[in-house]
Amino acid sequence: MNKPLRRIAIFCGLLVLALLIRDNWIQYVQADSLQTNEKNRRVTIERYAQPRGNIIVDGEPVTGSKATSGTDLKYKRTWKNGPMWSPVTGYASQIVGATQLESIEDGILTGNDDRLFFRQTLDMITGKKKEGGNVTTTLNAKAQKAAYDGLKTRGKGAVAAIEPSTGKILALASTPSYDPSVFAGNSTKDSETFGKLDKDKDKPLLNRALRETYPPGSTFKLVTAAAALESGNYDPDKATETPLPWTMPGTTTPLPNEGNIPCENATLRVALKVSCNTVFGKIGSDLGNDKMVEEAEKFGFNKQQFVPVRSNASNFDDDMNQSQTALSSIGQYNTAATPLQMAMVASAIANDGKLMQPYMVDELKAPNLDTIEKTEPKEMSRPLSEENAQKLQSMMETVVNDGTGTNAKIPGVTVGGKTGTAQHGVDNSEKPYAWFVSYAKTSSGSPVAVAVVVEDSAASRQDISGGGLAAPIAKSVMEAVIGKKG
């Protein structure tokens with residue numbers, strides 16, 4: 001071959017090589033980014049070219065799909081009782097995208113997940129239309145309804161309920177809520193509706209059960225009580241060395257109790273029963289910041305949870321002086337918790353000290369209902385020994401039987417709980433948050449632990465309390481799970 005031909009051959013070979021490299025770069029290296037690029041409308045068209053798979057609760061779908069007209073997106077998402085279920089499912093909108101389970105499990109629901117490859121290939125060969133798979137949740141429909149119905153009359157608030165032995169989430173409710181169906185399409189009206197919801201001052205799109213952190217108030221005394229028992233220096237029925245008044249270290253400020261209650265040298269049981277700030281504040285201060293942080297983190301504080309939807313990290317500061325630790329140990333200062341977090345606290349106590357990882361997706365199923373993935377219960381930590389957990393159960397049961405939580409009593413069922421009324425606003429200027437954290441036990445074990453927070457209420461300030469507003473909601477959820485009405 002002469003020199004000019006050789007040069008041309010080499011040049012052509014280099015062009016072919018460059019083409020191959022570019023082709024492979026696009027198909028393999030850039031494939032994911034191109035597929036998810038917001039300007040790639042083919043992906044959106046494919047996503048809505050067929051009905052989505054469903055999100056299942058108690059064997060029944062709480063979602064569906066509806067044929068559309070006048071658009072190249074053939075189907076849009078629908079929900080059954082959208083406001084009740086949106087804190088679980090999230091939304092799938094042609095115009096604003098998807099959130100929560102609708103987003104996380106989009107591959108299964110659209111049929112595009114890699115784990116469905118062989119199924120897709122077989123369908124192509126047989127000419128069968130593409131189908132999406134289903135997401136089976138751990139939710140209990142009756143518990144969810146009880147939670148949502150209870151919150152609707154109270155304004156803003158949230159409920160999280162967990163099965164202590166497995167970590168299965170049984171209810172996840174948030175109010176005010178929204179119906180995802182009203183902006184599931186891609187019309188101007190859908191866009192305007194979403195815009196109004198997004199700008200609403202009451203934040204209906206916010207999942208308060210997972211994404212809002214509140215001062216937990218006196219419900220955090222459960223964590224402080226656990227730390228006290230685990231230290232080996234306290235017993236439920238032995239007097240504590242708690243003067244009245246008790247002045248916080250490094251200050252001239254006495255820590256006040258709510259009302260004229262018997263807190264001087266009170267036992268842990270009495271202190272939890274009547275909710276003594278002085279007893280639990282002094283315990284936190286005496287144990288110290290490091291010990292309190294260690295115990296709080298065993299319950300899940302200071303770490304995001306993924307269920308698989310992300311839940312905000314609850315907070316217990318790791319750099320506080322003694323007086324700040326005292327305030328934090330009664331659920332004030334910078335302490336903040338999601339309703340899910342406080343349900344985890346009750347769950348660990350009810351499960352004899354073992355905290356299970358919370359989750360709400362039980363199974364992912366192919367269109368032919370074959371199981372693709374199943375979640376197995378997983379131990380997360382052990383905040384208490386079995387002995388100390390049972391001591392704390394006994395204390396919580398005293399709260400419900402004889403203390404501030406009597407509104408949660410269920411005849412024939414053992415109920416343990418803790419009320420909380422958390423300060424809110426500068427100098428406590430806003431209405432306080434009402435909390436109740438509890439569990440129910442039957443002869444066969446403890447099927448449910450619940451946390452309820454009522455963020456806003458039509459009730460007058462003096463009538464706002466965890467026992468008065470939140471405990472009845474928790475009771476309804478527990479009754480729904482155990483199938484009993486009081």
# chains A, B, ... in the order shown; residues from 1 in each chain; ligands from 1
>>> residues_around(residues="Pro377 in chain A", least_positions_apart="3", cutoff="10 Å", atoms="only C-alpha atoms", output="VMD selection string")
chain A and resid 165 to 168 356 to 359 362 374 380
>>> atom_distance(atom1="CA of Gly53 in chain A", atom2="CA of Ala209 in chain A")
25.3 Å
>>> closest_atom_pairs(of="range 215-266 of chain A", to="range 396-416 of chain A", cutoff="12 Å", atoms="only C-alpha atoms", output="CSV")
residue,atom,partner,partner_atom,distance
A:Ser218,CA,A:Thr404,CA,11.2
A:Thr219,CA,A:Met396,CA,10.7
A:Lys221,CA,A:Met396,CA,10.8
A:Leu222,CA,A:Met396,CA,8.6
A:Ala225,CA,A:Met396,CA,10.5
A:Ala226,CA,A:Met396,CA,11.6
A:Pro236,CA,A:Met396,CA,10.8
A:Asp237,CA,A:Thr398,CA,11.9
A:Ile261,CA,A:Gly403,CA,11.4
>>> residues_around(residues="Lys238 in chain A", least_positions_apart="2", cutoff="10 Å", atoms="only C-alpha atoms", output="VMD selection string")
chain A and resid 234 to 236 240 to 241 265 to 270
>>> atom_distance(atom1="CA of Asn140 in chain A", atom2="CA of Ser347 in chain A")
16.4 Å
>>> closest_residue(among="A:Ser476, A:Ser65, A:Ser285, A:Asn2", to="Met248 in chain A", atoms="only C-alpha atoms")
A:Ser285
